[in-house]
Amino acid sequence: MGRYLLRRLLIAVPSLLGISVVLFAVLALAPGDPFGELASNPNVPPDVAAALRAKFGLDDPIALRYAHWLVAMLHGDWGFSFVSRMDVDTLILQRLPATLLIIGSSQVLALMIALPVGVYSAVRPYSVFDQIANLLAFIGFSLPTFFTGLLFILLFSIYLDWLPFVYRTDLGGSGWQWYWEEFKQAIMPIAVLALVQAASWTRYVRSSVLEVIRLDYVTTARAKGLPERMVVIKHVVRNALIPVVTLVALQMPALFGGAIVTEQIFRIPGIGSLLISSILANDTPVIMAVTFVFACLVILFNLVADILYGWLDPRIAYR
Amino acid sequence: MNEQDLRDLAAAVRAGRVSRRAFVQRMVGLGLTAPFAARLLAASGMAQMAAPAEYKPTKAGGGGSLKVLFWQAPTLLNPHFAVGTKDQEGARIFYEPLAAWDRDGNLVPVLAAEIPEIENGGVAPDGLSVIWKLKKDVQWHDGQPFTADDVVFNWEYAADPATAATTIGSYRNVTVEKVDPLTVRVRFSKPTPFWASAFVGQFGMIIPKHLFEPYKGASSRDAPENLKPVGTGPYRFVEFRPGDLVKGERNPSYHLPNRPYFDAIEMKGGGDAVSAARAVIQTGEYDYAWNLQVEDEILLKLEGGSNAKGRVEIVPGGNIEHIELNNTDPWTDVDGERSSIKTKHPLFSDPAVRKALTLLVDRASIEAHIYGRTGLATGNFINNPPRFVSKNTHWEFNIEKANQMLEQAGWRRGTDGIRAKDNKKLKLVFQTSINAPRQKTQAIVKQACQKAGIDMELKSITASVYFSSDVANPDTYAKFYADMQMFTTTMGEPDPGLFMRQFLSTEIASKDNKWQGRNITRWRNEEYDKAFHAAEGELDPIKRAALFIEMNEMVVGDPTVIPVVYRPGVSALSRRLRANLSGWDNVLWDLRNWYRET
C-alpha cells in the first residue's frame, strides 16, 4: 500500500509538469494581451502598454517566462495578477468561500435527491415511481444550467418576486436574519446545479442497485427472513454504492473549479467567474494558477478514488 | 451669418446691448441648438450660467445604502493604473479630480476653488500656463490636509515612465509647480488651447502624497493603498474584492455641506448587461446599472412593464460607430506588411466608389431597427459637444444615386451583376468584431451594396482578437487587412484635439510602429495636417472650433470614414434616484450629489 501510494505520487510529478507546460504554451500562443484595452484608448500613449509589458516580463521568450513561473510556483509564489495588481493567491482565496458554499451544497443536495430516488426506483423497477423518476432525470440532464438558471430567475425573481437574483457577498444583518438572506440568495444557484447532478447520479445509483439486487446473496438474505428494509439497506445499498462513491470522489475537484455559467448568471463571485474574467482579460498568472490547481486536484482525487475503491471492495488489490 | 457677425453679436451681449436670452433665441432661430448658442457665449468669454443642480437633502447621511451594479467590475482602485473606465469608476468613489466635466462638456470645480479662466487670471492669455486655486479645508480620509503638494506629487508620480501610469498622457508634456500651499501652476511647452487634461476628469483623480510617495516609480505596484484607497471623496473605503465588490461608507468630514446623502455605497460587479437592467428596472434590487449595451427593444420592454421600478437614462458622449475605408491595398504584401503605405487601394482610389458607399449605408434603418435610442444616425464624425458639430454635412441613403455615380465613373455591370472597370471587380471585404448589432449592420450594408452591383464579403472577428495589439495576429483592427471595417471609437474629452489625431499622416499605423499609429485608414491629406496643426496652437476658441468643424467635413466628405450612428451612454436608474450623469466624465463624477427622492 505504502509503495503503491509512493509510486502513484511519483507518477503524478511528470504529469503535472506536462500539464503545466501545455497550459503555459497554450496561454502564450493564444491571441490578445492584458494591456490590449489600453491600445484602443486614444488618451493612453502606446508606450505605456509597452512599458507595462516590459515591467511584467511579457516580452521575454516563452521558455524563460515558463522557467520563472515554475521556480516561483515551487517557492509557493503563485504570481501576481496583471489586471488587479495583487497576489494571485489572495485573489483565489477571496473567491473560494462562495464557490465551496454553492457547489458544496449543490453536491450534497444532489446526493440527498439521487440516493433515495435511485434506490427506490431500482427496488421497484418499471413502477410508476420509477417511470416518473426516469422521466425527470432525463429532463434534468438535458436542460443546460444557463436555461434552468434563467427560467428560475424569471419565475422566482421576476414574476413571483420571492428571491433576489444578484448574489451578494456582503449581506448585512446577523444571526437568523443573515442565514435567511443567505439561504434566499443561494437557493436558486444551488438548485440549478443540484438538479443536473442529481439527475445523472440518480441514473447511476439506480443501475448499480439493479445489478446487485438480483444477485444470489440478496436472495439468501431474503430467504433468511430478514425484513426487506434490512435487505436493501445493509446488503444491497452497501455493495451497490461502491462505484457511486468513486464517481462522487472524481466530482470533488469541481468544487474548486466552480461553475462558470451558473456563477455568471447569478453573479456569484466564485472561482469560475474569476477564471472566465481572467481569460477575457488575458490575465495569464491567474488563469495559470486556477487551471493548475484544478489539474492538481483532479490527479489527487483520482488517487483518492482508487484508494477508496480498494478500501470499500477488498477484492481489489494494489500492485 | 458668418464668423464676424457671430462675434459682433456675442460682443453685444457682453456689453449688455443684447440680452443673453435674445441672443440664444436668435441663434436657435438660425437652426442652432440652445446649448450650442450658450456655448458660443462662453467661448467668447462669457461666464457660464450653469444651472445649479437641484439637491434636496438638508443633511448628510440618512439615505441608507446606494447599490450600483457594474456588469464589468473594477479590478483595481488606483486611478493612475486604471485600465478601463470600470477601474476609473471604482476609484472615483474615493478619489476626486480638481474639476469634472458635466453633461454639456463644461468644467465644474471639485477640489478646485474655481475654474481657471482668462478673466480670473487662471489661464494665461498666451496659452502657456494655467493656475489652479485649490479648495480650502479639504481633508484626506485619514485626516491629513489636502494641499498643493499633493497635486504636484500626482504629476511627478504619473509622469514618471517607471510608474507606468495609464494617465501619463495627461501629465508628461506639462510641468507643475507649487505657487503657495493652495495654488499650483501647470506650464505647457507650447501654447495649449485645451489645457483641461491634467488634474481634470477621469485622468485627473488625485492620490495622497503622504501615502504614495514611497511608491513612486518602479515600486509603484507595491503600494498597499493601491487596493485600499484613501482619497478626498464623499465615501471612505471599506472593502474591495477585485471583479466583484467595492464598498464604501459615508465620509463624515466631506468638504461639501449636507453631502453625501447615502450612508454607504456598494458597487457590485459581474454578470451581463441585460440582467443588470432587469435588476434595476424590473425587480428594483439595485439603484443604478452602468453602460447598458443592450438592444433598445429590450430596454423599452423592461421600462414599459406594468410596475417598472426604474428608468433608462441616455446621456450624450463621444462614441461614434463608423465604417473606415482602407486607403492602401490590403491584398498586396510589401516588405512583410499588407495595407502598406507604399500601396494604393485598387478600388477606393476612385473617389466615386467611396462616395457611392456613403450612399449605400442605410443609417435610418440601422437606427430604427438595431440601435433605437442607443444609436442615432449621423453624417458627422464629431457629434458632440455642440460647439464642434458641423451643420453643413448631411447624409442620405440612395441606391439609385449610387448606381448612377458608379455608372458615370465607368464601373459597368458584368454578366454576374457585379460592376467592373479595367478588369477590376467591385469586390470588397468588410470586417468588424463579433457583436450582434454589428453583424446586423453589416447585413444591411451588404444588401444595399448588392443592389448597386458591389459584391461584399462579410467577416467578423472575436472582439478580444480584433481589438488587441497583438503584432503577430493579422486580424487586428489596427492592421486593417480588409477593405472596410466598422467599430466604435471614443472621444474621451469634450474636445476633439486628441481624437482628431487619428487622421494625421504622421500617425499612420504600419509595421515600423508595430501598428500602434492611430491613423488606421492610412489617409493622407496635407490640408488636413495643416488644419490640425493650426488648431493645436489656436487660442481663439471660435476659430479653433471652426478648424475642427472643417477637419470633420474633410474626413466625411472625402470620405475616408463613413459615420454610422452616434452612440450615447445608457444607464438604468431606479425611479427615485436623482443622479446627474455625464458623457464626458465617469458616470460617478457627481456621486456626491446623488440622492433618493422620498
# chains A, B, ... in the order shown; residues from 1 in each chain; ligands from 1
>>> closest_atom_pairs(of="chain B", to="chain A", cutoff="8 Å", atoms="only C-alpha atoms", output="tab-separated table")
residue	atom	partner	partner_atom	distance
B:Thr75	CA	A:Ser84	CA	4.8
B:Leu76	CA	A:Ser84	CA	5.0
B:Val83	CA	A:Leu38	CA	6.3
B:Gly84	CA	A:Glu37	CA	6.9
B:Pro161	CA	A:Ala51	CA	7.7
B:Ala162	CA	A:Ala51	CA	7.8
B:Ala164	CA	A:Val48	CA	6.0
B:Ala165	CA	A:Val48	CA	7.1
B:Thr166	CA	A:Val44	CA	6.0
B:Thr167	CA	A:Val44	CA	6.7
B:Ile168	CA	A:Val44	CA	7.2
B:Gly169	CA	A:Val44	CA	5.6
B:Ser170	CA	A:Asn43	CA	7.7
B:Arg221	CA	A:Arg85	CA	6.7
B:Arg241	CA	A:Gln94	CA	7.2
B:Pro242	CA	A:Ser84	CA	6.5
B:Gly243	CA	A:Leu274	CA	7.5
B:Asp244	CA	A:Pro269	CA	5.9
B:Lys268	CA	A:Arg168	CA	7.9
B:Gly269	CA	A:Arg267	CA	7.4
B:Gly270	CA	A:Arg267	CA	5.4
B:Gly271	CA	A:Gln264	CA	5.0
B:Asp272	CA	A:Ile265	CA	7.6
B:Ala279	CA	A:Val166	CA	7.8
B:Gln282	CA	A:Ile158	CA	7.1
B:Thr283	CA	A:Ile158	CA	6.3
B:Glu285	CA	A:Pro164	CA	7.2
B:Ser464	CA	A:Gly32	CA	6.2
B:Val465	CA	A:Gly32	CA	5.6
B:Phe467	CA	A:Gly36	CA	6.9
B:Ser468	CA	A:Gly36	CA	4.7
B:Ser469	CA	A:Gly36	CA	5.5
B:Asp470	CA	A:Gly32	CA	5.8
B:Asn473	CA	A:Pro31	CA	7.2
B:Thr490	CA	A:Asn41	CA	7.8
B:Met491	CA	A:Pro42	CA	8.0
B:Gly492	CA	A:Asn43	CA	7.4
B:Leu498	CA	A:Pro42	CA	6.9
B:Phe499	CA	A:Pro42	CA	6.8
B:Gln516	CA	A:Pro46	CA	6.3
B:Arg518	CA	A:Pro42	CA	7.8
>>> write_last_selection(atoms="C-alpha atoms", output="PDB file, in the first residue's frame")
ATOM      1  CA  THR B  75     -10.231  45.177 -10.805  1.00  0.00           C
ATOM      2  CA  LEU B  76      -8.000  47.820  -9.233  1.00  0.00           C
ATOM      3  CA  VAL B  83      -7.058  50.033 -17.485  1.00  0.00           C
ATOM      4  CA  GLY B  84     -10.622  50.771 -18.472  1.00  0.00           C
ATOM      5  CA  PRO B 161       7.656  56.411 -17.025  1.00  0.00           C
ATOM      6  CA  ALA B 162       8.818  53.865 -14.427  1.00  0.00           C
ATOM      7  CA  ALA B 164       3.833  53.004 -15.907  1.00  0.00           C
ATOM      8  CA  ALA B 165       0.721  55.033 -15.163  1.00  0.00           C
ATOM      9  CA  THR B 166      -2.055  54.880 -17.728  1.00  0.00           C
ATOM     10  CA  THR B 167      -2.652  58.580 -17.090  1.00  0.00           C
ATOM     11  CA  ILE B 168       0.829  59.533 -18.313  1.00  0.00           C
ATOM     12  CA  GLY B 169      -0.606  61.082 -21.487  1.00  0.00           C
ATOM     13  CA  SER B 170      -2.160  63.913 -19.487  1.00  0.00           C
ATOM     14  CA  ARG B 221       2.910  48.235  -7.693  1.00  0.00           C
ATOM     15  CA  ARG B 241     -12.841  42.326  -3.873  1.00  0.00           C
ATOM     16  CA  PRO B 242     -11.471  42.644  -7.416  1.00  0.00           C
ATOM     17  CA  GLY B 243     -14.032  41.806 -10.049  1.00  0.00           C
ATOM     18  CA  ASP B 244     -16.824  41.530  -7.500  1.00  0.00           C
ATOM     19  CA  LYS B 268     -21.388  45.045  -7.364  1.00  0.00           C
ATOM     20  CA  GLY B 269     -19.792  43.578 -10.461  1.00  0.00           C
ATOM     21  CA  GLY B 270     -20.129  40.647 -12.811  1.00  0.00           C
ATOM     22  CA  GLY B 271     -22.910  39.163 -14.875  1.00  0.00           C
ATOM     23  CA  ASP B 272     -24.271  40.654 -18.065  1.00  0.00           C
ATOM     24  CA  ALA B 279     -32.211  44.176 -11.505  1.00  0.00           C
ATOM     25  CA  GLN B 282     -37.803  45.215 -13.121  1.00  0.00           C
ATOM     26  CA  THR B 283     -37.017  43.963  -9.637  1.00  0.00           C
ATOM     27  CA  GLU B 285     -32.822  45.145  -6.311  1.00  0.00           C
ATOM     28  CA  SER B 464     -10.576  40.073 -27.897  1.00  0.00           C
ATOM     29  CA  VAL B 465      -8.527  39.415 -31.029  1.00  0.00           C
ATOM     30  CA  PHE B 467      -9.154  44.958 -30.573  1.00  0.00           C
ATOM     31  CA  SER B 468      -5.862  43.504 -29.345  1.00  0.00           C
ATOM     32  CA  SER B 469      -2.470  44.965 -30.151  1.00  0.00           C
ATOM     33  CA  ASP B 470      -1.047  41.531 -30.916  1.00  0.00           C
ATOM     34  CA  ASN B 473      -2.181  38.459 -35.467  1.00  0.00           C
ATOM     35  CA  THR B 490     -14.442  57.361 -28.473  1.00  0.00           C
ATOM     36  CA  MET B 491     -13.708  60.999 -27.978  1.00  0.00           C
ATOM     37  CA  GLY B 492     -12.887  60.824 -24.278  1.00  0.00           C
ATOM     38  CA  LEU B 498      -6.630  64.154 -29.284  1.00  0.00           C
ATOM     39  CA  PHE B 499      -9.481  62.477 -31.102  1.00  0.00           C
ATOM     40  CA  GLN B 516       0.414  51.488 -32.889  1.00  0.00           C
ATOM     41  CA  ARG B 518      -3.609  55.926 -34.628  1.00  0.00           C
TER      42      ARG B 518
END
>>> residues_around(residues="A:Leu255", least_positions_apart="5", cutoff="9 Å", atoms="only C-alpha atoms", output="PDB file with N, CA, C and O atoms, in the first residue's frame")
ATOM      1  N   THR A  99     -17.572  29.743  -3.787  1.00  0.00           N
ATOM      2  CA  THR A  99     -17.599  28.546  -4.612  1.00  0.00           C
ATOM      3  C   THR A  99     -17.842  27.305  -3.763  1.00  0.00           C
ATOM      4  O   THR A  99     -18.691  26.476  -4.082  1.00  0.00           O
ATOM      5  N   LEU A 100     -17.096  27.181  -2.661  1.00  0.00           N
ATOM      6  CA  LEU A 100     -17.257  25.998  -1.805  1.00  0.00           C
ATOM      7  C   LEU A 100     -18.688  25.907  -1.300  1.00  0.00           C
ATOM      8  O   LEU A 100     -19.289  24.838  -1.315  1.00  0.00           O
ATOM      9  N   LEU A 101     -19.233  27.037  -0.880  1.00  0.00           N
ATOM     10  CA  LEU A 101     -20.586  27.035  -0.338  1.00  0.00           C
ATOM     11  C   LEU A 101     -21.603  26.587  -1.386  1.00  0.00           C
ATOM     12  O   LEU A 101     -22.384  25.665  -1.173  1.00  0.00           O
ATOM     13  N   ILE A 102     -21.537  27.233  -2.550  1.00  0.00           N
ATOM     14  CA  ILE A 102     -22.559  26.953  -3.561  1.00  0.00           C
ATOM     15  C   ILE A 102     -22.385  25.551  -4.144  1.00  0.00           C
ATOM     16  O   ILE A 102     -23.326  24.746  -4.158  1.00  0.00           O
ATOM     17  N   ILE A 103     -21.195  25.256  -4.619  1.00  0.00           N
ATOM     18  CA  ILE A 103     -21.006  23.954  -5.260  1.00  0.00           C
ATOM     19  C   ILE A 103     -21.129  22.844  -4.228  1.00  0.00           C
ATOM     20  O   ILE A 103     -21.759  21.816  -4.476  1.00  0.00           O
ATOM     21  N   GLY A 104     -20.553  23.061  -3.031  1.00  0.00           N
ATOM     22  CA  GLY A 104     -20.628  22.042  -1.987  1.00  0.00           C
ATOM     23  C   GLY A 104     -22.080  21.721  -1.640  1.00  0.00           C
ATOM     24  O   GLY A 104     -22.484  20.564  -1.671  1.00  0.00           O
ATOM     25  N   GLN A 107     -23.805  19.786  -4.350  1.00  0.00           N
ATOM     26  CA  GLN A 107     -23.444  18.368  -4.432  1.00  0.00           C
ATOM     27  C   GLN A 107     -24.152  17.574  -3.328  1.00  0.00           C
ATOM     28  O   GLN A 107     -24.648  16.477  -3.559  1.00  0.00           O
TER      29      GLN A 107
END
>>> select_by_dssp(residues="stretch 34-73 of chain A", states="alpha helix (DSSP H)", output="list in words")
Gly36, Glu37, Leu38, Ala39, Pro46, Asp47, Val48, Ala49, Ala50, Ala51, Leu52, Arg53, Ala54, Lys55, Ile62, Ala63, Leu64, Arg65, Tyr66, Ala67, His68, Trp69, Leu70, Val71, Ala72 and Met73 of chain A
>>> write_last_selection(atoms="N, CA and C atoms", output="PDB file, in the first residue's frame")
ATOM      1  N   GLY A  36      -4.251  45.115 -23.922  1.00  0.00           N
ATOM      2  CA  GLY A  36      -4.851  45.421 -25.215  1.00  0.00           C
ATOM      3  C   GLY A  36      -5.847  46.564 -25.143  1.00  0.00           C
ATOM      4  N   GLU A  37      -6.572  46.627 -24.019  1.00  0.00           N
ATOM      5  CA  GLU A  37      -7.600  47.649 -23.888  1.00  0.00           C
ATOM      6  C   GLU A  37      -6.977  49.046 -23.924  1.00  0.00           C
ATOM      7  N   LEU A  38      -5.736  49.140 -23.427  1.00  0.00           N
ATOM      8  CA  LEU A  38      -5.073  50.439 -23.426  1.00  0.00           C
ATOM      9  C   LEU A  38      -4.794  50.912 -24.839  1.00  0.00           C
ATOM     10  N   ALA A  39      -4.504  49.940 -25.718  1.00  0.00           N
ATOM     11  CA  ALA A  39      -4.091  50.299 -27.073  1.00  0.00           C
ATOM     12  C   ALA A  39      -5.201  51.010 -27.832  1.00  0.00           C
ATOM     13  N   PRO A  46       0.868  54.791 -26.760  1.00  0.00           N
ATOM     14  CA  PRO A  46       1.202  53.380 -26.962  1.00  0.00           C
ATOM     15  C   PRO A  46       2.372  52.900 -26.105  1.00  0.00           C
ATOM     16  N   ASP A  47       3.302  53.804 -25.747  1.00  0.00           N
ATOM     17  CA  ASP A  47       4.462  53.317 -24.988  1.00  0.00           C
ATOM     18  C   ASP A  47       4.103  52.905 -23.560  1.00  0.00           C
ATOM     19  N   VAL A  48       2.906  53.324 -23.064  1.00  0.00           N
ATOM     20  CA  VAL A  48       2.518  52.891 -21.721  1.00  0.00           C
ATOM     21  C   VAL A  48       2.295  51.382 -21.712  1.00  0.00           C
ATOM     22  N   ALA A  49       1.558  50.904 -22.730  1.00  0.00           N
ATOM     23  CA  ALA A  49       1.313  49.472 -22.821  1.00  0.00           C
ATOM     24  C   ALA A  49       2.644  48.739 -22.975  1.00  0.00           C
ATOM     25  N   ALA A  50       3.543  49.315 -23.774  1.00  0.00           N
ATOM     26  CA  ALA A  50       4.843  48.676 -23.989  1.00  0.00           C
ATOM     27  C   ALA A  50       5.630  48.626 -22.675  1.00  0.00           C
ATOM     28  N   ALA A  51       5.584  49.736 -21.912  1.00  0.00           N
ATOM     29  CA  ALA A  51       6.308  49.781 -20.636  1.00  0.00           C
ATOM     30  C   ALA A  51       5.741  48.752 -19.666  1.00  0.00           C
ATOM     31  N   LEU A  52       4.398  48.631 -19.670  1.00  0.00           N
ATOM     32  CA  LEU A  52       3.771  47.663 -18.769  1.00  0.00           C
ATOM     33  C   LEU A  52       4.149  46.240 -19.153  1.00  0.00           C
ATOM     34  N   ARG A  53       4.172  45.986 -20.468  1.00  0.00           N
ATOM     35  CA  ARG A  53       4.553  44.647 -20.925  1.00  0.00           C
ATOM     36  C   ARG A  53       5.957  44.318 -20.446  1.00  0.00           C
ATOM     37  N   ALA A  54       6.850  45.310 -20.585  1.00  0.00           N
ATOM     38  CA  ALA A  54       8.235  45.088 -20.184  1.00  0.00           C
ATOM     39  C   ALA A  54       8.300  44.875 -18.664  1.00  0.00           C
ATOM     40  N   LYS A  55       7.513  45.682 -17.934  1.00  0.00           N
ATOM     41  CA  LYS A  55       7.541  45.615 -16.480  1.00  0.00           C
ATOM     42  C   LYS A  55       7.084  44.248 -15.962  1.00  0.00           C
ATOM     43  N   ILE A  62       9.128  32.663 -24.320  1.00  0.00           N
ATOM     44  CA  ILE A  62       8.205  31.800 -23.571  1.00  0.00           C
ATOM     45  C   ILE A  62       8.934  30.901 -22.587  1.00  0.00           C
ATOM     46  N   ALA A  63      10.053  30.300 -23.041  1.00  0.00           N
ATOM     47  CA  ALA A  63      10.769  29.343 -22.190  1.00  0.00           C
ATOM     48  C   ALA A  63      11.225  30.016 -20.896  1.00  0.00           C
ATOM     49  N   LEU A  64      11.719  31.243 -21.031  1.00  0.00           N
ATOM     50  CA  LEU A  64      12.203  31.981 -19.860  1.00  0.00           C
ATOM     51  C   LEU A  64      11.049  32.285 -18.910  1.00  0.00           C
ATOM     52  N   ARG A  65       9.914  32.713 -19.508  1.00  0.00           N
ATOM     53  CA  ARG A  65       8.754  33.026 -18.681  1.00  0.00           C
ATOM     54  C   ARG A  65       8.274  31.790 -17.946  1.00  0.00           C
ATOM     55  N   TYR A  66       8.303  30.663 -18.647  1.00  0.00           N
ATOM     56  CA  TYR A  66       7.863  29.424 -18.013  1.00  0.00           C
ATOM     57  C   TYR A  66       8.785  29.073 -16.847  1.00  0.00           C
ATOM     58  N   ALA A  67      10.096  29.212 -17.072  1.00  0.00           N
ATOM     59  CA  ALA A  67      11.058  28.898 -16.018  1.00  0.00           C
ATOM     60  C   ALA A  67      10.806  29.779 -14.797  1.00  0.00           C
ATOM     61  N   HIS A  68      10.589  31.079 -15.041  1.00  0.00           N
ATOM     62  CA  HIS A  68      10.300  31.996 -13.935  1.00  0.00           C
ATOM     63  C   HIS A  68       9.085  31.525 -13.159  1.00  0.00           C
ATOM     64  N   TRP A  69       8.044  31.172 -13.926  1.00  0.00           N
ATOM     65  CA  TRP A  69       6.786  30.781 -13.300  1.00  0.00           C
ATOM     66  C   TRP A  69       6.990  29.530 -12.440  1.00  0.00           C
ATOM     67  N   LEU A  70       7.716  28.553 -13.017  1.00  0.00           N
ATOM     68  CA  LEU A  70       7.892  27.268 -12.344  1.00  0.00           C
ATOM     69  C   LEU A  70       8.674  27.460 -11.050  1.00  0.00           C
ATOM     70  N   VAL A  71       9.753  28.225 -11.126  1.00  0.00           N
ATOM     71  CA  VAL A  71      10.582  28.447  -9.935  1.00  0.00           C
ATOM     72  C   VAL A  71       9.752  29.125  -8.848  1.00  0.00           C
ATOM     73  N   ALA A  72       8.987  30.160  -9.264  1.00  0.00           N
ATOM     74  CA  ALA A  72       8.169  30.879  -8.297  1.00  0.00           C
ATOM     75  C   ALA A  72       7.140  29.945  -7.673  1.00  0.00           C
ATOM     76  N   MET A  73       6.525  29.118  -8.504  1.00  0.00           N
ATOM     77  CA  MET A  73       5.480  28.208  -8.032  1.00  0.00           C
ATOM     78  C   MET A  73       6.071  27.229  -7.021  1.00  0.00           C
TER      79      MET A  73
END
>>> atom_distance(atom1="atom CA of B:Pro346", atom2="atom CA of B:Val429")
13.0 Å
>>> atom_distance(atom1="atom CA of B:Thr488", atom2="atom CA of B:Lys514")
21.5 Å
>>> residues_around(residues="stretch 225-232 of chain B", least_positions_apart="3", cutoff="10 Å", atoms="only C-alpha atoms", output="number ranges by chain")
A: 84-86; B: 75-81, 91-97, 111, 138-146, 205-208, 211-212, 215, 220-222, 235-242, 251, 253-255
>>> write_last_selection(atoms="N, CA and C atoms", output="compact mmCIF listing (two decimals), in the first residue's frame")
# COMPACT_ATOMS: atom_id res chain seq x y z
N SER A 84 -5.36 42.97 -11.65
CA SER A 84 -5.69 43.54 -10.34
C SER A 84 -4.47 44.03 -9.60
N ARG A 85 -3.30 43.70 -10.09
CA ARG A 85 -2.04 44.04 -9.42
C ARG A 85 -2.06 43.61 -7.97
N MET A 86 -2.48 42.38 -7.73
CA MET A 86 -2.36 41.82 -6.39
C MET A 86 -1.99 40.35 -6.53
N THR B 75 -11.20 46.17 -11.26
CA THR B 75 -10.23 45.18 -10.81
C THR B 75 -9.09 45.83 -10.03
N LEU B 76 -8.98 47.15 -10.07
CA LEU B 76 -8.00 47.82 -9.23
C LEU B 76 -8.50 49.22 -8.91
N LEU B 77 -7.98 49.81 -7.85
CA LEU B 77 -8.56 51.07 -7.38
C LEU B 77 -7.57 52.23 -7.36
N ASN B 78 -6.43 52.10 -8.03
CA ASN B 78 -5.55 53.25 -8.15
C ASN B 78 -5.87 53.92 -9.48
N PRO B 79 -6.36 55.17 -9.46
CA PRO B 79 -6.82 55.79 -10.71
C PRO B 79 -5.70 55.91 -11.75
N HIS B 80 -4.45 55.95 -11.30
CA HIS B 80 -3.36 56.08 -12.26
C HIS B 80 -3.03 54.76 -12.95
N PHE B 81 -3.61 53.66 -12.49
CA PHE B 81 -3.38 52.37 -13.14
C PHE B 81 -4.63 51.89 -13.88
N ALA B 91 -12.48 53.80 -8.66
CA ALA B 91 -11.61 54.75 -7.97
C ALA B 91 -12.35 56.05 -7.69
N ARG B 92 -13.29 56.39 -8.56
CA ARG B 92 -13.97 57.68 -8.46
C ARG B 92 -14.85 57.79 -7.22
N ILE B 93 -15.21 56.65 -6.62
CA ILE B 93 -15.98 56.69 -5.38
C ILE B 93 -15.15 57.36 -4.28
N PHE B 94 -13.84 57.12 -4.32
CA PHE B 94 -12.97 57.57 -3.23
C PHE B 94 -12.10 58.78 -3.60
N TYR B 95 -11.73 58.87 -4.87
CA TYR B 95 -10.84 59.95 -5.28
C TYR B 95 -11.58 61.00 -6.08
N GLU B 96 -11.01 62.21 -6.08
CA GLU B 96 -11.63 63.29 -6.84
C GLU B 96 -10.57 64.05 -7.63
N PRO B 97 -10.94 64.62 -8.77
CA PRO B 97 -10.03 65.48 -9.51
C PRO B 97 -10.22 66.94 -9.08
N LEU B 111 -12.18 69.75 -6.47
CA LEU B 111 -11.19 70.10 -5.44
C LEU B 111 -10.60 71.49 -5.71
N VAL B 138 -9.88 71.01 2.77
CA VAL B 138 -10.24 69.67 2.29
C VAL B 138 -9.32 68.68 2.99
N GLN B 139 -9.91 67.58 3.45
CA GLN B 139 -9.13 66.58 4.17
C GLN B 139 -9.14 65.25 3.45
N TRP B 140 -8.02 64.54 3.53
CA TRP B 140 -8.00 63.15 3.09
C TRP B 140 -8.78 62.34 4.10
N HIS B 141 -9.17 61.14 3.71
CA HIS B 141 -9.97 60.30 4.61
C HIS B 141 -9.25 60.01 5.93
N ASP B 142 -7.91 60.09 5.93
CA ASP B 142 -7.19 59.81 7.17
C ASP B 142 -6.95 61.08 7.99
N GLY B 143 -7.54 62.18 7.59
CA GLY B 143 -7.46 63.39 8.39
C GLY B 143 -6.38 64.37 7.98
N GLN B 144 -5.45 63.94 7.12
CA GLN B 144 -4.39 64.84 6.66
C GLN B 144 -4.99 65.91 5.74
N PRO B 145 -4.40 67.13 5.74
CA PRO B 145 -4.94 68.17 4.85
C PRO B 145 -4.54 67.94 3.39
N PHE B 146 -5.40 68.34 2.48
CA PHE B 146 -5.11 68.26 1.05
C PHE B 146 -4.48 69.59 0.63
N MET B 205 -7.93 62.24 -11.28
CA MET B 205 -8.13 61.94 -9.86
C MET B 205 -6.81 62.04 -9.11
N ILE B 206 -6.87 62.58 -7.89
CA ILE B 206 -5.65 62.89 -7.15
C ILE B 206 -5.49 61.96 -5.96
N ILE B 207 -4.28 61.37 -5.87
CA ILE B 207 -3.99 60.45 -4.78
C ILE B 207 -3.10 61.17 -3.75
N PRO B 208 -3.14 60.74 -2.50
CA PRO B 208 -2.42 61.48 -1.45
C PRO B 208 -0.91 61.27 -1.50
N LEU B 211 0.89 59.07 1.40
CA LEU B 211 0.81 57.61 1.38
C LEU B 211 1.50 56.99 0.17
N PHE B 212 1.56 57.72 -0.93
CA PHE B 212 2.10 57.12 -2.15
C PHE B 212 3.54 57.53 -2.43
N TYR B 215 6.20 55.03 -2.94
CA TYR B 215 5.96 54.05 -4.00
C TYR B 215 5.90 54.70 -5.37
N SER B 220 5.92 51.18 -7.75
CA SER B 220 4.53 51.63 -7.66
C SER B 220 3.56 50.49 -7.37
N ARG B 221 3.89 49.30 -7.86
CA ARG B 221 2.91 48.23 -7.69
C ARG B 221 2.87 47.69 -6.26
N ASP B 222 3.83 48.05 -5.42
CA ASP B 222 3.87 47.52 -4.07
C ASP B 222 3.05 48.33 -3.06
N TYR B 235 -17.16 59.15 -0.13
CA TYR B 235 -17.26 57.88 0.59
C TYR B 235 -15.87 57.37 0.95
N ARG B 236 -15.76 56.75 2.14
CA ARG B 236 -14.50 56.18 2.60
C ARG B 236 -14.44 54.70 2.29
N PHE B 237 -13.24 54.21 2.13
CA PHE B 237 -13.06 52.82 1.74
C PHE B 237 -13.44 51.85 2.86
N VAL B 238 -14.15 50.77 2.51
CA VAL B 238 -14.46 49.71 3.47
C VAL B 238 -13.89 48.38 3.00
N GLU B 239 -14.25 47.99 1.78
CA GLU B 239 -13.84 46.67 1.33
C GLU B 239 -13.70 46.63 -0.19
N PHE B 240 -12.78 45.82 -0.66
CA PHE B 240 -12.61 45.67 -2.11
C PHE B 240 -12.31 44.22 -2.45
N ARG B 241 -13.12 43.66 -3.33
CA ARG B 241 -12.84 42.33 -3.87
C ARG B 241 -12.80 42.48 -5.38
N PRO B 242 -11.60 42.38 -5.98
CA PRO B 242 -11.47 42.64 -7.42
C PRO B 242 -12.48 41.84 -8.22
N ASN B 251 -18.33 59.57 4.18
CA ASN B 251 -17.21 60.31 4.73
C ASN B 251 -17.78 61.46 5.55
N SER B 253 -16.47 63.80 7.16
CA SER B 253 -15.83 65.12 7.07
C SER B 253 -15.71 65.56 5.62
N TYR B 254 -16.71 65.23 4.80
CA TYR B 254 -16.64 65.61 3.40
C TYR B 254 -16.68 67.13 3.24
N HIS B 255 -16.01 67.64 2.21
CA HIS B 255 -15.81 69.08 2.11
C HIS B 255 -17.00 69.87 1.57
>>> residues_around(residues="A:Gly172", least_positions_apart="4", cutoff="9 Å", atoms="only C-alpha atoms", output="ChimeraX atom specification")
/A:177-178,181
>>> atom_distance(atom1="atom CA of B:Ser306", atom2="atom CA of A:Gln185")
25.1 Å
>>> residues_around(residues="B:Ala509", least_positions_apart="6", cutoff="12 Å", atoms="only C-alpha atoms", output="list in words")
Pro46 of chain A; Asn326, Asn327, Thr328, Glu337, Arg338, Ser339, Ser340, Ile341, Ser469, Val471, Thr476, Tyr477, Ala478, Lys479, Phe480, Tyr481, Gln502, Phe503, Trp515, Gln516, Gly517, Arg518, Asn519, Ile520, Thr521, Arg522, Trp523 and Arg524 of chain B
